[in-house]
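A.B. asks: Sending over a structure as structure tokens; questions will come in a sec.
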Amino acid sequence: MNQNKMSLDTLQKEAVFSHFFALCRIPHNSHEEKNLSDAIWTWAKAKGMAVWQDERNNLLLRRDASPDARQKPGLIMQAHMDMVCEKAPHVVHDFQKDPLVLEVSGDLLGTGGRTTLGADDGIGVALGLAIMEHPPASHPELELLLTTDEEDTFSGAAAVDFSRIHGRQLLNLDHAREGQAIVGSAGGMGVCCQKYVQLESVQKEDRFICLSIDGMVGGHSGEDIHRGRGSAISLLGRWLEAAGKTAPFRLAQLKGGTFRLAIAREARAVIAVDKVVEPAVVETLESARNHILSEYKETNPEMRMHIEATSIDRISVISARDSKLTTAFLLLAPQGILEMEGLDHFCVRSSANLGELTFDEKKKCVKGMIELRSSATMGAEAMYGKIEALMHLVEGSCTTFSPYPAWPYRKKSSLREKVRKTYETLGQGALLVTPVHCGLECGFFAAACPDLDCVSMGPDTFDLHSPQESLSISSTLRVEHFLRELIKELAR
């Protein structure tokens with residue numbers, strides 16, 4: 001394909017992109033995948049495939065082996081149907097009803113920075129559908145397992161019934177780097193941190209200052225956690241802490257991020273200070289702003305930090321004491337890499353992401369949502385112990401939710417060796433075989449079916465979980481070709 005002439009119309013002629021474009025026309029946020037699941041079920045039935053849909057709207061499609069490969073072990077291809085829904089601040093988009101707006105820029109398919117693309121993992125779904133529709137002439141039994149709610153609680157993967165599934169070789173299509181075969185993933189959990197606060201009356205001498213951070217790159221809380229992009233919420237805590245060294249303040253508003261699985265790109269606070277100390281506080285904030293912007297100028301070239309005098313319709317604010325404790329939480333909440341693996345190549349073992357921050361004035365409650373990840377057996381639990389200690393110190397509380405298991409490395413893997421052989425036979429260089437620092441559904445599958453042999457692969461996708469998300473067109477086509485060659489190898 002001539003990349004200089006690529007357009008949406010030319011891509012539509014490629015089976016994998018035709019399927020992907022169809023997905024993009026059907027909203028499919030986590031917990032809202034039923035319409036997409038029903039559409040794929042209807043399509044599979046029309047194509048004469050065996051297809052099952054469970055109560056979680058998971059799908060299993062099956063195609064019989066070609067006559068020459070009926071005795072060969074079958075292959076399960078697997079992807080998830082839901083997507084993370086993030087949009088740029090200026091964009092009007094309703095993820096419950098609006099189709100995604102797509103653009104081609106060179107070799108990249110994206111949304112022009114408007115919204116997430118949903119290539120995580122819509123392109124995995126599309127690859128599976130393209131193969132199931134037109135498999136190689138010689139192929140073993142093929143199954144396509146499509147799950148729901150991967151981006152939130154993994155409830156779809158947790159509900160999969162392997163008694164219905166024939167295959168014991170599973171190729172997960174939810175990785176974002178071509179040339180890598182993933183053979184293990186982190187486990188983790190969500191953590192909800194809450195601090196109830198005392199409110200005090202606004203005083204006549206109070207002056208309000210609005211602090212806002214935006215324009216940060218953000219990204220995937222697992223796969224991008226090592227890129228040094230910083231978190232708007234954590235930096236807001238650092239900024240507030242600098243102000244508190246000059247004079248006491250009381251928080252009036254507090255908000256940051258949108259989802260615990262996405263690194264926070266924006267954060268905002270409004271503080272009340274006595275008019276006598278306002279100039280000194282602003283001076284301190286300006287100095288801290290300059291230091292932070294300088295520190296992050298390479299990884300966040302569009303980052304902005306605003307300081308504005310403001311007036312708000314408030315009769316109460318968080319007490320000075322609880323404002324100080326809340327700032328301590330933001331400053332000390334674990335964020336980013338916490339531990340590295342002892343491997344020859346770069347790999348994160350444990351990390352945390354404070355991805356969402358809110359203040360509910362009616363409930364008098366500050367809430368933070370954290371995602372913990374670790375490939376160590378008890379790594380997430382150990383990190384949670386530290387958060388428990390922190391919340392005790394700031395007079396708050398925390399609870400866990402949506403735990404998911406790690407996918408342990410398998411020493412002997414027939415599928416891994418066939419994947420490696422096929423990839424290197426195609427002349428695309430050596431294949432990097434590595435674990436990955438994100439949660440993959442393979443952890444649930446391996447726990448439910450101990451003899452399951454899993455590998456995860458996929459095309460190059462960039463800036464996941466952010467409006468800058470994009471997908472390499474050429475990489476997608478190469479991965480589709482690789483899948484077809486792998487299936488031929490499995491049929492031999």
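Numbering starts fresh at 1 for the residues of each chain in the structure tokens, the chains themselves are lettered A, B, ... in the order given, and ligands are numbered from 1 as they appear.
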Give me the residues near region 178-183 of chain A as a VMD selection string, where near means some atom within 8 Å (using only C-alpha atoms) and where sequence neighbours in that chain fewer than 2 positions away do not count.
C.D. replies: chain A and resid 175 to 176 185 407 to 410 416 419 428 430 to 436 454 to 460 475 479
A.B. asks: May I have the selected residues written with C-alpha atoms, as a PDB file, in the first residue's frame?
C.D. replies:
```
ATOM      1  CA  HIS A 175      -0.170  -5.762  23.167  1.00  0.00           C
ATOM      2  CA  ALA A 176       0.898  -2.394  21.763  1.00  0.00           C
ATOM      3  CA  SER A 185       1.936  -9.658  33.006  1.00  0.00           C
ATOM      4  CA  TRP A 407       0.118 -13.998  34.570  1.00  0.00           C
ATOM      5  CA  PRO A 408       3.217 -15.994  35.587  1.00  0.00           C
ATOM      6  CA  TYR A 409       5.964 -16.838  33.091  1.00  0.00           C
ATOM      7  CA  ARG A 410       5.708 -20.389  31.707  1.00  0.00           C
ATOM      8  CA  ARG A 416       5.963 -19.309  22.275  1.00  0.00           C
ATOM      9  CA  VAL A 419       5.561 -17.693  17.482  1.00  0.00           C
ATOM     10  CA  GLN A 428      11.582  -9.139  10.662  1.00  0.00           C
ATOM     11  CA  ALA A 430      14.761 -11.104  16.450  1.00  0.00           C
ATOM     12  CA  LEU A 431      11.603 -11.279  18.526  1.00  0.00           C
ATOM     13  CA  LEU A 432      11.833  -9.795  22.038  1.00  0.00           C
ATOM     14  CA  VAL A 433      10.225 -12.202  24.502  1.00  0.00           C
ATOM     15  CA  THR A 434       9.387 -10.397  27.746  1.00  0.00           C
ATOM     16  CA  PRO A 435       6.829  -9.843  30.497  1.00  0.00           C
ATOM     17  CA  VAL A 436       4.926  -6.540  30.467  1.00  0.00           C
ATOM     18  CA  CYS A 454      -0.535 -18.102  26.324  1.00  0.00           C
ATOM     19  CA  VAL A 455       1.366 -15.465  24.345  1.00  0.00           C
ATOM     20  CA  SER A 456       0.353 -11.839  23.765  1.00  0.00           C
ATOM     21  CA  MET A 457       1.183  -9.768  20.651  1.00  0.00           C
ATOM     22  CA  GLY A 458      -0.124  -6.826  18.651  1.00  0.00           C
ATOM     23  CA  PRO A 459       0.708  -3.935  16.317  1.00  0.00           C
ATOM     24  CA  ASP A 460       2.366  -0.649  17.261  1.00  0.00           C
ATOM     25  CA  SER A 475       2.427  -2.408  11.596  1.00  0.00           C
ATOM     26  CA  VAL A 479       0.853  -8.269  12.225  1.00  0.00           C
TER      27      VAL A 479
END
```
A.B. asks: Run DSSP on the backbone of this structure and report the residues of region 10-256 of chain A it assigns to strand (DSSP E), as number ranges by chain.
C.D. replies: A: 50-53, 59-63, 75-80, 103-105, 108-110, 142-147, 169-172, 180-185, 187-196, 199-201, 206-214, 219-220, 250-256
A.B. asks: Nearest to Thr425 (chain A) among A:Val276, A:Gly167, A:Leu486, A:Leu100, with distances taken over only C-alpha atoms: which residue is it?
C.D. replies: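 Counting only C-alpha atoms, the residue closest to Thr425 (chain A) is A:Leu486.
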A.B. asks: For the atom pair CA of Ser375 (chain A) and CA of Glu86 (chain A), what is the interatomic distance in Å to one decimal place?
C.D. replies: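 Spanning CA of Ser375 (chain A) to CA of Glu86 (chain A) is a straight-line distance of 26.9 Å.
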A.B. asks: Could you check the closest approach to Gly256 (chain A) for each of A:Ile165, A:Leu75, A:Ile337, A:Leu354 and tell me which residue wins, using only C-alpha atoms?
C.D. replies: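 When distances to Gly256 (chain A) are compared using only C-alpha atoms, the smallest one comes from A:Leu354.
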A.B. asks: So that I can see what lies close to Ala15 (chain A), please list as a ChimeraX atom specification the residues with an atom at most 12 Å from it, counting only C-alpha atoms and leaving out residues fewer than 5 positions away in the same chain.
C.D. replies: /A:10,20-22,123,126-135,476-477,480-481
A.B. asks: Quick one: residues within 12 Å of Asp54 (chain A), only C-alpha atoms counted, chain neighbours fewer than 3 positions away excluded, as a ChimeraX atom specification?
C.D. replies: /A:34,37-38,41,51,57-61,145-148,156-157,159-161,164
A.B. asks: Take the selection from the previous step and output its residues with N, CA, C and O atoms, as a PDB file, in the first residue's frame.
C.D. replies:
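again_37.pdb was written with the following content:
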```pdb
ATOM      1  N   LYS A  34     -22.738  -4.094  25.125  1.00  0.00           N
ATOM      2  CA  LYS A  34     -23.757  -5.011  24.621  1.00  0.00           C
ATOM      3  C   LYS A  34     -24.089  -4.760  23.153  1.00  0.00           C
ATOM      4  O   LYS A  34     -24.232  -5.710  22.376  1.00  0.00           O
ATOM      5  N   SER A  37     -21.301  -6.208  21.161  1.00  0.00           N
ATOM      6  CA  SER A  37     -21.337  -7.666  21.258  1.00  0.00           C
ATOM      7  C   SER A  37     -22.461  -8.244  20.398  1.00  0.00           C
ATOM      8  O   SER A  37     -22.262  -9.228  19.666  1.00  0.00           O
ATOM      9  N   ASP A  38     -23.635  -7.632  20.462  1.00  0.00           N
ATOM     10  CA  ASP A  38     -24.768  -8.104  19.647  1.00  0.00           C
ATOM     11  C   ASP A  38     -24.477  -7.978  18.159  1.00  0.00           C
ATOM     12  O   ASP A  38     -24.836  -8.865  17.361  1.00  0.00           O
ATOM     13  N   TRP A  41     -22.118 -10.747  17.168  1.00  0.00           N
ATOM     14  CA  TRP A  41     -22.868 -12.013  17.179  1.00  0.00           C
ATOM     15  C   TRP A  41     -23.688 -12.158  15.900  1.00  0.00           C
ATOM     16  O   TRP A  41     -23.672 -13.207  15.253  1.00  0.00           O
ATOM     17  N   VAL A  51     -21.290 -19.476  17.273  1.00  0.00           N
ATOM     18  CA  VAL A  51     -21.023 -18.319  18.134  1.00  0.00           C
ATOM     19  C   VAL A  51     -21.874 -18.417  19.391  1.00  0.00           C
ATOM     20  O   VAL A  51     -23.033 -18.832  19.342  1.00  0.00           O
ATOM     21  N   ASN A  57     -21.847 -10.671  28.146  1.00  0.00           N
ATOM     22  CA  ASN A  57     -21.706 -10.238  26.750  1.00  0.00           C
ATOM     23  C   ASN A  57     -20.354 -10.618  26.149  1.00  0.00           C
ATOM     24  O   ASN A  57     -19.964 -10.089  25.105  1.00  0.00           O
ATOM     25  N   ASN A  58     -19.619 -11.530  26.807  1.00  0.00           N
ATOM     26  CA  ASN A  58     -18.459 -12.142  26.168  1.00  0.00           C
ATOM     27  C   ASN A  58     -18.928 -12.955  24.969  1.00  0.00           C
ATOM     28  O   ASN A  58     -20.052 -13.491  24.964  1.00  0.00           O
ATOM     29  N   LEU A  59     -18.063 -13.070  23.975  1.00  0.00           N
ATOM     30  CA  LEU A  59     -18.385 -13.838  22.775  1.00  0.00           C
ATOM     31  C   LEU A  59     -17.329 -14.912  22.531  1.00  0.00           C
ATOM     32  O   LEU A  59     -16.136 -14.687  22.770  1.00  0.00           O
ATOM     33  N   LEU A  60     -17.773 -16.060  22.028  1.00  0.00           N
ATOM     34  CA  LEU A  60     -16.875 -17.095  21.530  1.00  0.00           C
ATOM     35  C   LEU A  60     -17.309 -17.473  20.131  1.00  0.00           C
ATOM     36  O   LEU A  60     -18.442 -17.924  19.919  1.00  0.00           O
ATOM     37  N   LEU A  61     -16.434 -17.249  19.156  1.00  0.00           N
ATOM     38  CA  LEU A  61     -16.678 -17.627  17.769  1.00  0.00           C
ATOM     39  C   LEU A  61     -15.804 -18.833  17.457  1.00  0.00           C
ATOM     40  O   LEU A  61     -14.669 -18.927  17.941  1.00  0.00           O
ATOM     41  N   LEU A 145     -12.137 -15.457  21.117  1.00  0.00           N
ATOM     42  CA  LEU A 145     -12.747 -15.114  22.398  1.00  0.00           C
ATOM     43  C   LEU A 145     -12.683 -13.597  22.574  1.00  0.00           C
ATOM     44  O   LEU A 145     -11.597 -13.019  22.619  1.00  0.00           O
ATOM     45  N   LEU A 146     -13.839 -12.973  22.666  1.00  0.00           N
ATOM     46  CA  LEU A 146     -13.933 -11.513  22.821  1.00  0.00           C
ATOM     47  C   LEU A 146     -14.588 -11.215  24.163  1.00  0.00           C
ATOM     48  O   LEU A 146     -15.716 -11.658  24.421  1.00  0.00           O
ATOM     49  N   THR A 147     -13.896 -10.462  24.992  1.00  0.00           N
ATOM     50  CA  THR A 147     -14.346 -10.226  26.361  1.00  0.00           C
ATOM     51  C   THR A 147     -14.773  -8.776  26.575  1.00  0.00           C
ATOM     52  O   THR A 147     -14.510  -7.896  25.751  1.00  0.00           O
ATOM     53  N   THR A 148     -15.399  -8.546  27.713  1.00  0.00           N
ATOM     54  CA  THR A 148     -15.891  -7.215  28.077  1.00  0.00           C
ATOM     55  C   THR A 148     -15.211  -6.734  29.355  1.00  0.00           C
ATOM     56  O   THR A 148     -14.626  -7.508  30.107  1.00  0.00           O
ATOM     57  N   GLY A 156     -15.424  -9.459  32.640  1.00  0.00           N
ATOM     58  CA  GLY A 156     -15.634 -10.343  31.496  1.00  0.00           C
ATOM     59  C   GLY A 156     -14.688 -11.523  31.521  1.00  0.00           C
ATOM     60  O   GLY A 156     -15.105 -12.689  31.426  1.00  0.00           O
ATOM     61  N   ALA A 157     -13.390 -11.263  31.657  1.00  0.00           N
ATOM     62  CA  ALA A 157     -12.394 -12.334  31.688  1.00  0.00           C
ATOM     63  C   ALA A 157     -12.633 -13.270  32.859  1.00  0.00           C
ATOM     64  O   ALA A 157     -12.472 -14.491  32.745  1.00  0.00           O
ATOM     65  N   ALA A 159     -15.327 -14.159  34.106  1.00  0.00           N
ATOM     66  CA  ALA A 159     -16.533 -14.972  33.914  1.00  0.00           C
ATOM     67  C   ALA A 159     -16.404 -15.991  32.788  1.00  0.00           C
ATOM     68  O   ALA A 159     -17.334 -16.782  32.568  1.00  0.00           O
ATOM     69  N   VAL A 160     -15.288 -16.016  32.069  1.00  0.00           N
ATOM     70  CA  VAL A 160     -15.149 -16.923  30.926  1.00  0.00           C
ATOM     71  C   VAL A 160     -15.198 -18.378  31.396  1.00  0.00           C
ATOM     72  O   VAL A 160     -14.508 -18.770  32.336  1.00  0.00           O
ATOM     73  N   ASP A 161     -16.024 -19.175  30.730  1.00  0.00           N
ATOM     74  CA  ASP A 161     -16.197 -20.597  31.035  1.00  0.00           C
ATOM     75  C   ASP A 161     -15.352 -21.415  30.055  1.00  0.00           C
ATOM     76  O   ASP A 161     -15.723 -21.570  28.887  1.00  0.00           O
ATOM     77  N   ARG A 164     -16.408 -24.660  27.695  1.00  0.00           N
ATOM     78  CA  ARG A 164     -16.954 -24.552  26.334  1.00  0.00           C
ATOM     79  C   ARG A 164     -15.854 -24.382  25.289  1.00  0.00           C
ATOM     80  O   ARG A 164     -16.065 -24.623  24.098  1.00  0.00           O
TER      81      ARG A 164
END
```
A.B. asks: So, counting only C-alpha atoms, which residue among A:Lys362, A:His19, A:Arg349, A:Arg62 is closest to Met378 (chain A)?
C.D. replies: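 Using only C-alpha atoms, the shortest distance to Met378 (chain A) belongs to A:Arg349.
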A.B. asks: Let's see if you can do this: from backbone DSSP, list all alpha helix (DSSP H) residues in region 231-399 of chain A, as a ChimeraX atom specification.
C.D. replies: /A:232-246,278-295,320-332,379-393
A.B. asks: Quick one: everything within 9 Å of Leu199 (chain A), counting only C-alpha atoms, minus sequence neighbours fewer than 6 positions away in the same chain. Send it as a list of chain:residue names.
C.D. replies: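 Answer for this query is A:Ser316, A:Val317, A:Ile318, A:Ser319, A:Asp322, A:Glu361, A:Lys364.
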A.B. asks: Give me the residues near Glu339 (chain A) as a list of chain:residue names, where near means some atom within 12 Å (using only C-alpha atoms) and where sequence neighbours in that chain fewer than 2 positions away do not count.
C.D. replies: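 The residues satisfying every condition are A:Ile225, A:His226, A:Pro334, A:Gln335, A:Gly336, A:Ile337, A:Glu341, A:Gly342, A:Phe346, A:Cys347, A:Val348, A:Arg349, A:Ser350, A:Ser351, A:Ala352, A:Arg373, A:Ser374, A:Ser375, A:Ala376, A:Gly379, A:Ala380, A:Ala382, A:Met383, A:His437.
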A.B. asks: List as an MDAnalysis selection string the protein and nucleic acid residues near Glu33 (chain A), meaning an atom at most 7 Å away when only C-alpha atoms are counted, but skip any in the same chain fewer than 5 places from it.
C.D. replies: chainID A and resid 28 81:82 148
A.B. asks: Take the residues from that selection and write them out as a PDB file, in the first residue's frame, keeping all heavy atoms.
C.D. replies:
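Final output, result.pdb:
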```
ATOM      1  N   HIS A  28     -18.549   1.742  22.768  1.00  0.00           N
ATOM      2  CA  HIS A  28     -18.231   0.510  23.504  1.00  0.00           C
ATOM      3  C   HIS A  28     -17.355   0.800  24.714  1.00  0.00           C
ATOM      4  O   HIS A  28     -16.293   0.217  24.893  1.00  0.00           O
ATOM      5  CB  HIS A  28     -17.604  -0.544  22.589  1.00  0.00           C
ATOM      6  CG  HIS A  28     -16.456  -0.058  21.753  1.00  0.00           C
ATOM      7  ND1 HIS A  28     -16.625   0.715  20.626  1.00  0.00           N
ATOM      8  CD2 HIS A  28     -15.114  -0.240  21.863  1.00  0.00           C
ATOM      9  CE1 HIS A  28     -15.449   0.980  20.085  1.00  0.00           C
ATOM     10  NE2 HIS A  28     -14.515   0.410  20.830  1.00  0.00           N
ATOM     11  N   MET A  81     -13.411  -6.090  23.994  1.00  0.00           N
ATOM     12  CA  MET A  81     -14.251  -5.195  23.189  1.00  0.00           C
ATOM     13  C   MET A  81     -14.365  -3.788  23.751  1.00  0.00           C
ATOM     14  O   MET A  81     -14.774  -2.872  23.022  1.00  0.00           O
ATOM     15  CB  MET A  81     -15.657  -5.798  23.053  1.00  0.00           C
ATOM     16  CG  MET A  81     -15.708  -7.034  22.178  1.00  0.00           C
ATOM     17  SD  MET A  81     -17.387  -7.702  22.004  1.00  0.00           S
ATOM     18  CE  MET A  81     -17.563  -8.616  23.542  1.00  0.00           C
ATOM     19  N   ASP A  82     -14.071  -3.577  25.028  1.00  0.00           N
ATOM     20  CA  ASP A  82     -14.278  -2.246  25.597  1.00  0.00           C
ATOM     21  C   ASP A  82     -13.063  -1.356  25.384  1.00  0.00           C
ATOM     22  O   ASP A  82     -11.978  -1.825  25.041  1.00  0.00           O
ATOM     23  CB  ASP A  82     -14.611  -2.339  27.083  1.00  0.00           C
ATOM     24  CG  ASP A  82     -13.512  -2.999  27.904  1.00  0.00           C
ATOM     25  OD1 ASP A  82     -12.933  -3.990  27.423  1.00  0.00           O
ATOM     26  OD2 ASP A  82     -13.236  -2.544  29.030  1.00  0.00           O
ATOM     27  N   THR A 148     -15.399  -8.546  27.713  1.00  0.00           N
ATOM     28  CA  THR A 148     -15.891  -7.215  28.077  1.00  0.00           C
ATOM     29  C   THR A 148     -15.211  -6.734  29.355  1.00  0.00           C
ATOM     30  O   THR A 148     -14.626  -7.508  30.107  1.00  0.00           O
ATOM     31  CB  THR A 148     -17.415  -7.246  28.300  1.00  0.00           C
ATOM     32  OG1 THR A 148     -17.719  -8.224  29.304  1.00  0.00           O
ATOM     33  CG2 THR A 148     -18.148  -7.607  27.018  1.00  0.00           C
TER      34      THR A 148
END
```
A.B. asks: CA of Phe329 (chain A) and CA of Gly237 (chain A), how far apart in Å?
C.D. replies: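 Taking CA of Gly237 (chain A) as the start and CA of Phe329 (chain A) as the end point, the length is 8.0 Å.
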A.B. asks: Between A:Gly184, A:Lys421, A:Gln194, A:His306, single out the one closest to Phe444 (chain A), counting only C-alpha atoms.
C.D. replies: A:Gly184
A.B. asks: Taking only C-alpha atoms into account, which of A:Met305, A:Leu390, A:Leu471, A:Val270 comes nearest Leu117 (chain A)?
C.D. replies: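 Distance minimum relative to Leu117 (chain A) lands on A:Leu471.
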A.B. asks: Kindly indicate which residue among A:Asn29, A:Ser221, A:Gln253, A:Ser323 lies nearest to Gly118 (chain A), using only C-alpha atoms for the distances.
C.D. replies: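 When distances to Gly118 (chain A) are compared using only C-alpha atoms, the smallest one comes from A:Asn29.
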A.B. asks: For the atom pair CA of Pro301 (chain A) and CA of Met6 (chain A), what is the interatomic distance in Å to one decimal place?
C.D. replies: 29.1 Å
